[in-house]
>>> print(open('upload.cif').read())   # mmCIF, C-alpha atoms and all ligand atoms
data_input
loop_
_atom_site.label_atom_id
_atom_site.label_comp_id
_atom_site.auth_asym_id
_atom_site.auth_seq_id
_atom_site.Cartn_x
_atom_site.Cartn_y
_atom_site.Cartn_z
CA MET T 23 0.00 0.00 0.00
CA LEU T 24 1.26 3.51 -0.78
CA ASN T 25 1.68 6.20 1.89
CA PHE T 26 -1.20 8.65 2.24
CA GLU T 27 -2.80 11.50 4.13
CA LEU T 28 -6.55 11.72 4.54
CA LYS T 29 -8.59 14.72 5.61
CA ASN T 30 -12.16 15.29 4.56
CA PRO T 31 -13.87 18.00 6.59
CA THR T 32 -17.29 17.93 4.87
CA LYS T 33 -20.21 17.18 7.18
CA ILE T 34 -22.72 14.87 5.51
CA ILE T 35 -26.35 15.13 6.55
CA PHE T 36 -28.00 12.12 4.95
CA GLY T 37 -31.56 10.91 4.75
CA LYS T 38 -35.26 11.51 4.34
CA GLY T 39 -36.43 15.02 5.17
CA GLN T 40 -32.97 16.36 5.98
CA ILE T 41 -33.38 19.52 3.88
CA GLU T 42 -35.48 21.02 6.66
CA ASN T 43 -32.35 21.02 8.85
CA LEU T 44 -30.50 23.31 6.44
CA GLY T 45 -30.97 26.46 8.53
CA LYS T 46 -29.09 24.97 11.50
CA GLU T 47 -25.94 24.59 9.41
CA LEU T 48 -25.78 28.20 8.30
CA PRO T 49 -24.33 31.01 10.42
CA LYS T 50 -27.05 33.45 11.52
CA ASP T 51 -25.09 36.51 10.44
CA ALA T 52 -24.22 35.19 6.96
CA LYS T 53 -25.36 36.90 3.78
CA ILE T 54 -26.10 33.92 1.59
CA LEU T 55 -26.17 33.50 -2.18
CA LEU T 56 -28.41 30.58 -3.14
CA LEU T 57 -27.13 29.15 -6.45
CA TYR T 58 -29.03 26.79 -8.71
CA GLY T 59 -29.22 25.49 -12.27
CA GLY T 60 -31.75 25.62 -15.08
CA GLY T 61 -34.81 25.49 -12.89
CA SER T 62 -35.49 21.82 -12.13
CA ILE T 63 -35.60 22.72 -8.42
CA LYS T 64 -38.59 24.95 -9.07
CA LYS T 65 -40.54 22.02 -10.56
CA ASN T 66 -39.75 19.24 -8.10
CA GLY T 67 -40.40 20.99 -4.79
CA ILE T 68 -36.75 21.28 -3.71
CA TYR T 69 -36.74 25.07 -4.09
CA GLU T 70 -39.72 25.37 -1.71
CA GLN T 71 -38.07 23.08 0.84
CA VAL T 72 -34.81 25.04 0.70
CA THR T 73 -36.35 28.49 0.92
CA ALA T 74 -38.60 27.37 3.80
CA ALA T 75 -35.51 26.12 5.65
CA LEU T 76 -33.77 29.44 4.99
CA GLN T 77 -36.36 31.48 6.85
CA GLY T 78 -34.65 33.76 9.35
CA HIS T 79 -31.51 33.96 7.16
CA GLU T 80 -30.62 36.75 4.78
CA PHE T 81 -30.30 35.36 1.25
CA ILE T 82 -30.53 36.24 -2.41
CA GLU T 83 -30.61 33.94 -5.45
CA PHE T 84 -28.66 33.32 -8.61
CA GLY T 85 -30.17 30.77 -11.01
CA GLY T 86 -29.19 29.61 -14.49
CA ILE T 87 -25.91 27.77 -13.97
CA PRO T 88 -25.95 25.39 -16.95
CA ALA T 89 -24.84 21.75 -17.06
CA ASN T 90 -21.07 21.87 -17.55
CA PRO T 91 -20.88 25.12 -15.58
CA GLU T 92 -20.02 27.93 -17.92
CA TYR T 93 -17.35 30.46 -17.03
CA GLU T 94 -19.20 33.47 -18.51
CA VAL T 95 -22.32 32.71 -16.45
CA LEU T 96 -20.22 32.25 -13.31
CA LEU T 97 -18.60 35.66 -13.85
CA LYS T 98 -22.09 37.18 -13.58
CA ALA T 99 -22.60 35.40 -10.26
CA LEU T 100 -19.18 36.63 -9.10
CA LYS T 101 -20.31 40.19 -9.78
CA VAL T 102 -23.38 39.63 -7.58
CA ILE T 103 -21.19 38.20 -4.80
CA LYS T 104 -19.00 41.30 -4.84
CA GLU T 105 -21.75 43.90 -5.24
CA GLU T 106 -23.98 42.35 -2.58
CA ASN T 107 -21.20 41.59 -0.09
CA ILE T 108 -22.11 37.91 0.04
CA THR T 109 -20.32 35.93 2.77
CA TYR T 110 -21.67 32.39 2.27
CA LEU T 111 -22.63 30.32 -0.78
CA LEU T 112 -25.30 27.64 -0.98
CA ALA T 113 -25.36 25.31 -4.00
CA VAL T 114 -28.64 23.53 -4.69
CA GLY T 115 -28.12 21.17 -7.60
CA GLY T 116 -25.98 18.49 -9.18
CA GLY T 117 -22.30 18.47 -9.98
CA SER T 118 -22.55 21.47 -12.29
CA VAL T 119 -24.09 23.81 -9.73
CA ILE T 120 -21.77 22.57 -6.98
CA ASP T 121 -18.68 22.88 -9.19
CA GLY T 122 -19.77 26.35 -10.28
CA THR T 123 -20.14 27.27 -6.62
CA LYS T 124 -16.64 25.95 -5.89
CA PHE T 125 -15.25 28.14 -8.64
CA LEU T 126 -17.07 31.12 -7.09
CA SER T 127 -15.82 30.20 -3.63
CA ALA T 128 -12.26 30.37 -4.99
CA ALA T 129 -12.79 33.37 -7.27
CA ALA T 130 -14.49 35.47 -4.56
CA LEU T 131 -11.28 35.51 -2.52
CA TYR T 132 -8.82 35.39 -5.44
CA GLU T 133 -6.51 38.37 -5.61
CA GLY T 134 -4.93 37.83 -9.05
CA ASP T 135 -5.90 39.55 -12.32
CA SER T 136 -8.33 37.08 -13.86
CA PRO T 137 -10.10 34.15 -12.18
CA TRP T 138 -9.50 32.10 -15.35
CA ASP T 139 -5.88 31.92 -14.16
CA ILE T 140 -7.04 29.65 -11.32
CA LEU T 141 -7.95 27.07 -13.99
CA ILE T 142 -5.33 27.63 -16.61
CA ASN T 143 -2.43 27.90 -14.15
CA LYS T 144 -3.80 25.20 -11.83
CA ILE T 145 -3.66 27.49 -8.79
CA PRO T 146 -4.79 25.43 -5.77
CA THR T 147 -7.34 27.08 -3.49
CA THR T 148 -6.28 26.89 0.13
CA LYS T 149 -9.01 29.21 1.37
CA GLY T 150 -12.34 29.85 -0.31
CA MET T 151 -15.59 31.54 0.66
CA PRO T 152 -17.47 29.01 2.82
CA PHE T 153 -20.25 27.09 1.09
CA GLY T 154 -22.70 24.30 1.69
CA THR T 155 -24.65 22.13 -0.73
CA VAL T 156 -28.04 20.51 -1.12
CA LEU T 157 -27.45 17.68 -3.59
CA THR T 158 -30.18 17.08 -6.17
CA LEU T 159 -28.41 14.59 -8.45
CA PRO T 160 -26.15 11.74 -7.31
CA ALA T 161 -23.21 11.37 -9.70
CA THR T 162 -20.04 13.38 -9.23
CA ALA T 163 -19.42 13.34 -5.43
CA SER T 164 -18.63 17.03 -5.76
CA GLU T 165 -20.72 17.32 -2.58
CA MET T 166 -17.90 15.69 -0.60
CA ASN T 167 -14.71 16.50 -2.47
CA SER T 168 -12.62 19.57 -3.18
CA GLY T 169 -12.48 19.43 -6.97
CA ALA T 170 -14.45 21.21 -9.69
CA VAL T 171 -14.56 21.20 -13.47
CA ILE T 172 -15.36 24.43 -15.33
CA THR T 173 -16.22 24.89 -19.00
CA ARG T 174 -15.52 27.84 -21.27
CA ALA T 175 -17.61 27.65 -24.42
CA GLU T 176 -15.78 30.52 -26.12
CA THR T 177 -12.55 28.50 -26.32
CA GLN T 178 -14.13 24.99 -26.17
CA GLU T 179 -12.13 24.24 -23.03
CA LYS T 180 -12.96 22.30 -19.89
CA PHE T 181 -10.48 22.39 -17.02
CA SER T 182 -10.36 21.11 -13.46
CA MET T 183 -9.45 23.03 -10.34
CA GLY T 184 -9.42 22.36 -6.63
CA GLY T 185 -7.58 22.57 -3.36
CA PRO T 186 -8.07 21.92 0.33
CA GLY T 187 -10.08 25.15 0.67
CA LEU T 188 -12.83 23.83 -1.60
CA PHE T 189 -14.52 21.14 0.46
CA PRO T 190 -18.15 22.01 1.19
CA VAL T 191 -18.68 22.87 4.86
CA PHE T 192 -21.72 20.58 4.77
CA SER T 193 -23.80 18.70 2.24
CA ILE T 194 -27.39 17.61 2.60
CA LEU T 195 -28.15 14.31 0.85
CA ASP T 196 -31.84 13.48 0.82
CA PRO T 197 -32.37 10.45 -1.46
CA GLN T 198 -35.98 11.55 -2.06
CA VAL T 199 -34.63 14.10 -4.60
CA VAL T 200 -33.85 11.15 -6.90
CA ALA T 201 -37.58 10.68 -7.61
CA SER T 202 -37.69 13.61 -10.07
CA ILE T 203 -34.46 12.88 -11.96
CA PRO T 204 -34.99 12.07 -15.67
CA GLN T 205 -33.85 8.63 -16.93
CA ARG T 206 -30.98 10.11 -18.91
CA GLN T 207 -29.51 11.78 -15.84
CA LEU T 208 -30.00 8.68 -13.69
CA ALA T 209 -28.04 6.65 -16.25
CA ASN T 210 -25.40 9.37 -16.35
CA GLY T 211 -25.06 9.40 -12.58
CA ILE T 212 -24.58 5.63 -12.36
CA THR T 213 -22.06 5.66 -15.22
CA ASP T 214 -20.07 8.61 -13.84
CA ALA T 215 -19.82 7.13 -10.34
CA PHE T 216 -18.93 3.68 -11.71
CA THR T 217 -16.15 5.20 -13.82
CA HIS T 218 -14.86 7.20 -10.85
CA VAL T 219 -14.26 3.90 -9.10
CA LEU T 220 -12.62 2.44 -12.21
CA GLU T 221 -10.23 5.41 -12.45
CA GLN T 222 -8.97 4.72 -8.92
CA TYR T 223 -8.95 0.94 -9.21
CA MET T 224 -8.06 -0.12 -12.74
CA THR T 225 -4.32 0.37 -12.42
CA TYR T 226 -1.97 -2.26 -10.95
CA PRO T 227 -2.00 -4.15 -7.65
CA VAL T 228 -0.21 -2.50 -4.70
CA GLY T 229 -1.55 -4.69 -1.92
CA GLY T 230 -4.33 -2.24 -0.98
CA HIS T 231 -6.74 -5.02 -0.07
CA LEU T 232 -9.20 -2.87 1.81
CA GLN T 233 -9.19 -0.12 -0.83
CA ASP T 234 -9.78 -2.73 -3.53
CA ARG T 235 -12.72 -4.16 -1.65
CA PHE T 236 -14.16 -0.69 -0.93
CA ALA T 237 -13.95 -0.01 -4.66
CA GLU T 238 -15.45 -3.38 -5.64
CA SER T 239 -18.28 -2.98 -3.15
CA ILE T 240 -19.23 0.41 -4.59
CA MET T 241 -19.26 -1.05 -8.12
CA GLN T 242 -21.26 -4.09 -6.98
CA THR T 243 -23.79 -1.84 -5.26
CA LEU T 244 -24.15 0.34 -8.35
CA VAL T 245 -24.63 -2.72 -10.56
CA GLU T 246 -27.24 -4.04 -8.14
CA VAL T 247 -29.28 -0.85 -7.77
CA ALA T 248 -28.96 0.39 -11.37
CA PRO T 249 -31.95 -1.56 -12.78
CA GLU T 250 -34.04 -0.75 -9.69
CA ILE T 251 -33.42 2.98 -9.85
CA ILE T 252 -33.99 3.12 -13.62
CA LYS T 253 -37.25 1.20 -13.18
CA ASP T 254 -38.49 3.35 -10.31
CA PRO T 255 -36.53 6.36 -9.06
CA ARG T 256 -39.05 6.67 -6.20
CA ASP T 257 -37.71 3.42 -4.71
CA TYR T 258 -36.20 4.99 -1.56
CA GLU T 259 -33.92 2.12 -0.66
CA ALA T 260 -32.45 1.98 -4.17
CA ALA T 261 -32.14 5.79 -4.23
CA ALA T 262 -30.36 5.87 -0.87
CA ASN T 263 -27.84 3.23 -1.95
CA PHE T 264 -27.35 4.93 -5.31
CA MET T 265 -26.75 8.31 -3.66
CA TRP T 266 -24.30 7.09 -1.03
CA SER T 267 -22.41 4.97 -3.59
CA CYS T 268 -21.91 8.02 -5.80
CA THR T 269 -20.58 10.08 -2.89
CA MET T 270 -18.28 7.30 -1.69
CA ALA T 271 -16.95 6.81 -5.23
CA LEU T 272 -15.12 10.13 -5.23
CA ASN T 273 -14.83 11.53 -1.72
CA GLY T 274 -11.15 10.62 -1.53
CA LEU T 275 -11.39 7.46 0.55
CA ILE T 276 -10.87 4.79 -2.11
CA GLN T 277 -8.03 6.76 -3.73
CA LYS T 278 -5.87 6.66 -0.59
CA GLY T 279 -2.88 4.35 -0.69
CA VAL T 280 -3.41 3.24 -4.29
CA PRO T 281 -2.40 4.63 -7.71
CA GLY T 282 -4.94 6.61 -9.74
CA ASP T 283 -5.36 6.76 -13.50
CA TRP T 284 -7.82 9.55 -14.47
CA ALA T 285 -6.88 9.44 -18.17
CA VAL T 286 -10.45 8.49 -19.08
CA HIS T 287 -11.68 11.74 -17.52
CA MET T 288 -8.96 13.81 -19.19
CA MET T 289 -9.96 12.45 -22.61
CA GLY T 290 -13.67 12.57 -21.81
CA HIS T 291 -13.54 16.25 -20.86
CA GLU T 292 -12.30 17.02 -24.37
CA LEU T 293 -15.33 15.29 -25.90
CA THR T 294 -17.64 17.42 -23.77
CA ALA T 295 -15.70 20.57 -24.66
CA LEU T 296 -15.78 19.78 -28.40
CA PHE T 297 -19.24 18.24 -28.83
CA GLY T 298 -21.20 19.01 -25.66
CA ILE T 299 -21.66 15.28 -24.93
CA ASP T 300 -22.81 14.62 -21.33
CA HIS T 301 -19.83 14.05 -19.04
CA ALA T 302 -20.74 10.47 -18.07
CA ARG T 303 -21.33 9.44 -21.68
CA THR T 304 -17.86 10.62 -22.71
CA LEU T 305 -16.43 8.24 -20.10
CA ALA T 306 -18.42 5.31 -21.48
CA ILE T 307 -17.06 6.15 -24.95
CA VAL T 308 -13.42 6.28 -23.87
CA ALA T 309 -13.06 3.71 -21.06
CA PRO T 310 -13.38 0.43 -23.03
CA SER T 311 -10.78 1.50 -25.64
CA HIS T 312 -8.51 2.83 -22.90
CA TYR T 313 -8.56 -0.55 -21.16
CA ARG T 314 -8.02 -2.40 -24.45
CA LEU T 315 -5.04 -0.27 -25.45
CA ASN T 316 -3.45 -0.49 -22.00
CA PHE T 317 -4.40 -4.12 -21.56
CA GLU T 318 -0.98 -5.47 -20.55
CA ALA T 319 -0.47 -2.83 -17.85
CA LYS T 320 -3.96 -3.22 -16.42
CA LYS T 321 -4.84 -6.87 -16.96
CA GLU T 322 -4.26 -8.04 -13.40
CA LYS T 323 -6.72 -5.54 -11.99
CA LEU T 324 -9.09 -6.08 -14.92
CA ALA T 325 -9.13 -9.79 -14.09
CA GLN T 326 -9.63 -9.16 -10.35
CA TYR T 327 -12.55 -6.87 -11.23
CA GLY T 328 -13.91 -9.43 -13.68
CA LYS T 329 -13.90 -12.13 -11.02
CA ARG T 330 -15.12 -10.12 -8.06
CA VAL T 331 -17.56 -7.66 -9.60
CA TRP T 332 -18.86 -9.69 -12.55
CA GLY T 333 -18.39 -13.19 -11.17
CA ILE T 334 -16.38 -14.40 -14.19
CA LYS T 335 -14.94 -17.84 -13.54
CA GLY T 336 -11.68 -19.45 -14.65
CA ASP T 337 -7.88 -19.20 -14.36
CA ASP T 338 -6.92 -17.53 -17.60
CA ILE T 339 -6.09 -13.94 -16.58
CA ASP T 340 -6.12 -12.62 -20.16
CA ALA T 341 -9.49 -14.18 -20.97
CA ILE T 342 -11.12 -12.94 -17.74
CA ALA T 343 -9.68 -9.44 -18.20
CA LYS T 344 -11.00 -9.26 -21.78
CA GLU T 345 -14.42 -10.49 -20.70
CA ALA T 346 -14.44 -7.86 -17.93
CA ILE T 347 -14.16 -5.07 -20.53
CA VAL T 348 -17.05 -6.59 -22.49
CA LYS T 349 -19.13 -6.77 -19.28
CA THR T 350 -18.39 -3.11 -18.58
CA GLU T 351 -19.60 -2.11 -22.05
CA ALA T 352 -22.69 -4.26 -21.63
CA PHE T 353 -23.40 -2.52 -18.31
CA PHE T 354 -23.29 0.91 -19.99
CA HIS T 355 -25.51 -0.41 -22.81
CA SER T 356 -27.99 -1.73 -20.23
CA LEU T 357 -28.36 1.89 -19.11
CA ASP T 358 -29.02 2.95 -22.70
CA ILE T 359 -25.62 4.60 -22.94
CA PRO T 360 -23.95 4.15 -26.34
CA THR T 361 -20.19 3.53 -26.19
CA THR T 362 -18.92 4.81 -29.54
CA LEU T 363 -18.32 8.45 -30.51
CA SER T 364 -20.03 8.09 -33.90
CA GLU T 365 -23.31 7.35 -32.10
CA TYR T 366 -23.19 10.89 -30.64
CA THR T 367 -21.90 13.00 -33.52
CA PRO T 368 -21.51 12.68 -37.29
CA ASP T 369 -18.43 14.93 -37.06
CA TYR T 370 -16.20 12.49 -35.20
CA LYS T 371 -13.49 12.19 -37.88
CA GLY T 372 -10.32 14.07 -36.94
CA THR T 373 -11.24 14.20 -33.24
CA ALA T 374 -8.39 11.91 -32.20
CA GLU T 375 -5.75 14.07 -33.90
CA LYS T 376 -7.31 17.23 -32.47
CA ILE T 377 -7.29 15.94 -28.88
CA ALA T 378 -3.74 14.59 -29.21
CA ALA T 379 -2.59 17.97 -30.53
CA ARG T 380 -4.29 19.78 -27.62
CA PHE T 381 -2.59 17.50 -25.09
CA THR T 382 0.78 18.07 -26.77
CA GLU T 383 0.27 21.85 -26.75
CA ARG T 384 -0.62 21.80 -23.05
CA GLY T 385 2.39 19.64 -22.23
CA TRP T 386 0.20 16.73 -21.11
CA LEU T 387 2.71 14.22 -22.41
CA GLY T 388 2.29 11.36 -19.95
CA LEU T 389 -1.08 10.61 -18.37
CA GLY T 390 -2.25 7.64 -16.33
CA GLU T 391 -0.89 5.76 -13.35
CA HIS T 392 2.47 5.21 -15.05
CA LYS T 393 2.59 8.71 -16.55
CA ASP T 394 3.31 7.10 -19.90
CA LEU T 395 0.08 7.66 -21.82
CA SER T 396 1.47 9.86 -24.59
CA PRO T 397 -0.59 12.02 -26.96
CA ALA T 398 0.08 9.36 -29.62
CA LYS T 399 -1.59 6.74 -27.42
CA VAL T 400 -4.44 9.14 -26.64
CA GLN T 401 -4.95 9.48 -30.38
CA GLN T 402 -5.10 5.69 -30.76
CA ILE T 403 -7.63 5.35 -27.93
CA ILE T 404 -9.93 8.01 -29.35
CA GLU T 405 -9.69 6.41 -32.81
CA MET T 406 -10.60 3.05 -31.31
CA SER T 407 -13.64 4.77 -29.72
CA TYR T 408 -15.07 6.03 -33.03
O1 LIG F 501 -29.95 22.62 -14.20
P1 LIG F 501 -31.09 21.96 -13.54
O2 LIG F 501 -32.39 22.54 -13.87
O3 LIG F 501 -30.87 21.78 -12.06
O4 LIG F 501 -31.22 20.46 -14.16
C1 LIG F 501 -30.20 19.50 -14.04
C2 LIG F 501 -29.38 19.35 -15.32
O5 LIG F 501 -30.16 19.63 -16.46
C3 LIG F 501 -30.83 18.15 -13.89
N1 LIG F 501 -31.18 17.81 -12.49
C4 LIG F 501 -30.39 17.84 -11.40
N2 LIG F 501 -31.06 17.40 -10.31
C5 LIG F 501 -32.32 17.11 -10.73
C6 LIG F 501 -32.39 17.37 -12.12
N3 LIG F 501 -33.54 17.20 -12.81
C7 LIG F 501 -34.61 16.76 -12.15
N4 LIG F 501 -34.60 16.47 -10.81
C8 LIG F 501 -33.48 16.63 -10.08
N5 LIG F 501 -33.47 16.30 -8.77
O6 LIG F 501 -29.83 17.26 -14.35
C9 LIG F 501 -29.06 17.89 -15.38
C10 LIG F 501 -27.59 17.60 -15.19
O7 LIG F 501 -27.11 18.21 -14.01
P2 LIG F 501 -25.53 18.33 -13.74
O8 LIG F 501 -25.35 19.01 -12.45
O9 LIG F 501 -24.87 18.89 -14.95
O10 LIG F 501 -25.11 16.79 -13.68
P3 LIG F 501 -23.94 16.09 -12.91
O11 LIG F 501 -24.21 16.01 -11.46
O12 LIG F 501 -23.73 14.85 -13.66
O13 LIG F 501 -22.68 17.06 -13.08
C11 LIG F 501 -21.87 17.05 -14.23
C12 LIG F 501 -20.73 18.04 -14.08
O14 LIG F 501 -19.86 17.65 -13.01
C13 LIG F 501 -18.51 17.56 -13.48
C14 LIG F 501 -18.72 17.18 -14.93
O15 LIG F 501 -17.56 17.41 -15.69
C15 LIG F 501 -19.87 18.06 -15.33
O16 LIG F 501 -19.43 19.37 -15.62
N6 LIG F 501 -17.75 16.63 -12.65
C16 LIG F 501 -17.38 17.04 -11.42
C17 LIG F 501 -16.59 16.27 -10.59
C18 LIG F 501 -16.22 16.73 -9.25
N7 LIG F 501 -16.45 17.97 -8.90
O17 LIG F 501 -15.63 15.98 -8.48
C19 LIG F 501 -16.11 14.95 -11.00
C20 LIG F 501 -16.80 14.41 -12.20
O18 LIG F 501 -15.93 13.50 -12.82
C21 LIG F 501 -17.22 15.41 -13.21
O19 LIG F 501 -16.14 15.76 -14.06
ZN ZN F 502 -16.74 11.97 -13.67
#
>>> encode(input="upload.cif", output="C-alpha cells")
Amino acid sequence: MLNFELKNPTKIIFGKGQIENLGKELPKDAKILLLYGGGSIKKNGIYEQVTAALQGHEFIEFGGIPANPEYEVLLKALKVIKEENITYLLAVGGGSVIDGTKFLSAAALYEGDSPWDILINKIPTTKGMPFGTVLTLPATASEMNSGAVITRAETQEKFSMGGPGLFPVFSILDPQVVASIPQRQLANGITDAFTHVLEQYMTYPVGGHLQDRFAESIMQTLVEVAPEIIKDPRDYEAAANFMWSCTMALNGLIQKGVPGDWAVHMMGHELTALFGIDHARTLAIVAPSHYRLNFEAKKEKLAQYGKRVWGIKGDDIDAIAKEAIVKTEAFFHSLDIPTTLSEYTPDYKGTAEKIAARFTERGWLGLGEHKDLSPAKVQQIIEMSY
C-alpha cells in the first residue's frame, strides 16, 4: 500500500427530510447567495423546501448555472457576490451547480488579475468563501470532495481546479430528490460514479486489499441498484444506496494508498468541450478503448474486477480481463448509454488528432498511473472509440 494523508472535513447530513435542517448549518449573520441550475428545483419541490428552511436567514438567489458550468455565467454570479457583499454560498443542484459554486468560492477571494488563471495555471485554493450544498443529483461526489470542473464555451475548453479550501462545509443528501431525476440523468449518474471507481482501481496491484474491496463494493452496489433505480426512481432504498455509492466513489477514501489513472476523464472532458456530450457518456465512450489499449499494464486488476464484480470464472487472466471489458460495455448499454463516438456526432473524424494535438500543446505528455500515456496513445484510444 502507498503512503497517504486523509482529511475530509465535509459534514454529511444524509436521509429523508434532511433539507429542513438546512438552517441549522448556516451562520445566523451570513449573507447567503443561493445558487441553482436551469430550474429543475422549481418544478420538483426542492426550491420550496430550501427556501422554507432558509427562513430567518438573509439570502438572495442566482439561477441559471448550466450543465457543464459555464465560465461566462459564473462571472455574472461573481459580480453579484462582490456587489452584494455575500459571505456564504449555498449550492442547490448536481455536480454542475456545486462545481460552479466551488469556482465562485475560490474566485471570490482570489486576488490575481483574472479568475480564469485559477484554472489555466492550476492554482490550488487553500481558502475559499465558505459554502454548503443541497445535492439534487447523485453522480459526481462534488458534494464531498474539493475538486471542480469548469467549461468555457468561447474557447471549447474544460479544465479542473481544486484545493483543500474547496470542500463544502456541509452537504445535505436526501435520497428523495432522486424521484424527479430524468432517466438520462439517472443513467449518467450511475455511469459517472462507476467510472470514478474504475479510475482509482483499474491500475496495478499495490496490496491495498481494503481499498480494492471498498472499490469493488461500490461497483457491486451500483450494478445491483442500477436496474431498480432506472425502473423506479421513487424506490427509496435503491435511491439511498445509489446516492451514497456516488458520494463514496469520489470523496477521496478509495483513492488513498493506491495509484490513480484519471486518463479516461482527461480524454472525456475534451469530448464534452468539443461536442457538448454529457460528461458520463464521454467516459463510457473512452473507457473500453482505454482498457483495451493499455491491456498489458492493467490486466491483473481487470481480471480481479472481472472475477469479483462480474463473477467471471476461470484461471486464464487474459481471458477474464477481456471479458471484464465486455461486461463493462454491456453494463453501460444496459443503461441505454452508447459507447462509440459516432453514435453521438456525425463529425467524429479528426477528433483523435485534435485531442492529441491539444494535449501536446498543453504539455500533457504522460497521463495515467504510469505517466506514460502519450498524446500518440491518446490518439489511438480516441480512434478506437469512433
Ligand atoms: O440545471 P437543472 O435545472 O438543475 O437540471 C439539471 C441538469 O439539467 C438536472 N437535475 C439535477 N437534479 C435534478 C435534475 N432534474 C430533475 N430532478 C433533479 N433532482 O440534471 C441535469 C444535469 O445536471 P448536472 O449538475 O450537470 O449533472 P452532474 O451532477 O452529472 O454534473 C456534471 C458536471 O460535473 C462535473 C462534470 O464534468 C460536469 O461538468 N464533474 C465534477 C466532478 C467533481 N467535482 O468531483 C467529477 C466528475 O468527474 C465530473 O467531471
Ligand atoms: Zn466523472
>>> closest_atom_pairs(input="upload.cif", of="chain T", to="ligand LIG 501 (chain F)", cutoff="7 Å", atoms="all atoms listed in the file", output="tab-separated table")
residue	atom	partner	partner_atom	distance
T:Tyr58	CA	F:LIG501	O3	6.3
T:Gly59	CA	F:LIG501	O1	3.5
T:Gly60	CA	F:LIG501	O2	3.4
T:Gly61	CA	F:LIG501	O2	3.9
T:Ser62	CA	F:LIG501	O2	3.6
T:Ile63	CA	F:LIG501	O3	6.0
T:Asn66	CA	F:LIG501	N4	6.4
T:Ile87	CA	F:LIG501	O1	6.5
T:Pro88	CA	F:LIG501	O1	5.6
T:Ala89	CA	F:LIG501	O9	3.6
T:Asn90	CA	F:LIG501	O16	3.6
T:Pro91	CA	F:LIG501	O16	5.9
T:Gly115	CA	F:LIG501	O3	5.3
T:Gly116	CA	F:LIG501	O8	3.4
T:Gly117	CA	F:LIG501	O13	3.4
T:Ser118	CA	F:LIG501	O8	3.7
T:Val119	CA	F:LIG501	O8	5.7
T:Asp121	CA	F:LIG501	N7	5.4
T:Thr158	CA	F:LIG501	N2	4.2
T:Leu159	CA	F:LIG501	N2	4.3
T:Pro160	CA	F:LIG501	O11	6.3
T:Ala161	CA	F:LIG501	O11	5.1
T:Thr162	CA	F:LIG501	C20	4.5
T:Ala163	CA	F:LIG501	O17	5.5
T:Ser164	CA	F:LIG501	N7	3.9
T:Asn167	CA	F:LIG501	O17	6.1
T:Gly169	CA	F:LIG501	N7	4.6
T:Ala170	CA	F:LIG501	N7	3.9
T:Val171	CA	F:LIG501	O15	5.3
T:Ile172	CA	F:LIG501	O16	6.5
T:Val199	CA	F:LIG501	N5	4.9
T:Val200	CA	F:LIG501	N5	5.5
T:Ser202	CA	F:LIG501	N4	4.3
T:Ile203	CA	F:LIG501	N4	3.8
T:Pro204	CA	F:LIG501	C7	5.9
T:Gln207	CA	F:LIG501	O6	5.7
T:Asn210	CA	F:LIG501	O12	6.3
T:Gly211	CA	F:LIG501	O12	5.7
T:Asp214	CA	F:LIG501	O18	6.5
T:His218	CA	F:LIG501	O18	6.7
T:Leu272	CA	F:LIG501	O17	6.7
T:His287	CA	F:LIG501	O18	6.6
T:His291	CA	F:LIG501	O15	6.7
T:His301	CA	F:LIG501	O15	5.3
T:Ala302	CA	F:LIG501	O12	6.9
>>> atom_distance(input="upload.cif", atom1="CA of Asp338 (chain T)", atom2="CA of Met224 (chain T)")
18.1 Å
>>> atom_distance(input="upload.cif", atom1="CA of Thr243 (chain T)", atom2="CA of Ile307 (chain T)")
22.3 Å
>>> closest_residue(input="upload.cif", among="T:Arg303, T:Lys53, T:Lys393, T:Lys149", to="ligand ZN 502 (chain F)", atoms="only C-alpha atoms and all ligand atoms")
T:Arg303
>>> closest_residue(input="upload.cif", among="T:Ala341, T:Ile194, T:Leu112, T:Ala130", to="Gly39 (chain T)", atoms="all atoms listed in the file")
T:Ile194
>>> residues_around(input="upload.cif", residues="Pro31 (chain T)", least_positions_apart="5", cutoff="10 Å", atoms="all atoms listed in the file", output="compact mmCIF listing (two decimals) with C-alpha atoms, in the coordinates of the input")
# COMPACT_ATOMS: atom_id res chain seq x y z
CA MET T 166 -17.90 15.69 -0.60
CA ASN T 167 -14.71 16.50 -2.47
CA SER T 168 -12.62 19.57 -3.18
CA PRO T 186 -8.07 21.92 0.33
CA PHE T 189 -14.52 21.14 0.46
CA PRO T 190 -18.15 22.01 1.19
CA VAL T 191 -18.68 22.87 4.86
CA PHE T 192 -21.72 20.58 4.77
>>> atom_distance(input="upload.cif", atom1="CA of Ala215 (chain T)", atom2="CA of Cys268 (chain T)")
5.1 Å
>>> residues_around(input="upload.cif", residues="Ser193 (chain T)", least_positions_apart="2", cutoff="9 Å", atoms="only C-alpha atoms", output="list in words")
Thr32, Lys33, Ile34, Ile35, Phe36, Gly154, Thr155, Val156, Leu157, Glu165, Met166, Pro190, Val191 and Leu195 of chain T
>>> closest_residue(input="upload.cif", among="T:Val286, T:Ala128, T:Val95, T:Ala201", to="ligand ZN 502 (chain F)", atoms="all atoms listed in the file")
T:Val286
>>> closest_residue(input="upload.cif", among="T:Glu292, T:Glu47, T:Glu238, T:Asp254", to="Val400 (chain T)", atoms="all atoms listed in the file")
T:Glu292
>>> closest_residue(input="upload.cif", among="T:Ser136, T:Gln222, T:Thr217, T:Thr294", to="ligand ZN 502 (chain F)", atoms="only C-alpha atoms and all ligand atoms")
T:Thr217
>>> residues_around(input="upload.cif", residues="Glu375 (chain T)", least_positions_apart="2", cutoff="9 Å", atoms="all atoms listed in the file", output="PyMOL selection string")
chain T and resi 371-373+377-380+397-398+400-402+404-405
>>> closest_residue(input="upload.cif", among="T:Leu395, T:Ile347, T:Ala52, T:Met270", to="Gly78 (chain T)", atoms="only C-alpha atoms")
T:Ala52
>>> residues_around(input="upload.cif", residues="Gln178 (chain T)", least_positions_apart="6", cutoff="10 Å", atoms="all atoms listed in the file", output="number ranges by chain")
T: 292-298
>>> residues_around(input="upload.cif", residues="Ala285 (chain T)", least_positions_apart="2", cutoff="6 Å", atoms="all atoms listed in the file", output="compact mmCIF listing (two decimals) with C-alpha atoms, in the coordinates of the input")
# COMPACT_ATOMS: atom_id res chain seq x y z
CA ASP T 283 -5.36 6.76 -13.50
CA HIS T 287 -11.68 11.74 -17.52
CA MET T 288 -8.96 13.81 -19.19
CA LEU T 389 -1.08 10.61 -18.37
CA GLY T 390 -2.25 7.64 -16.33
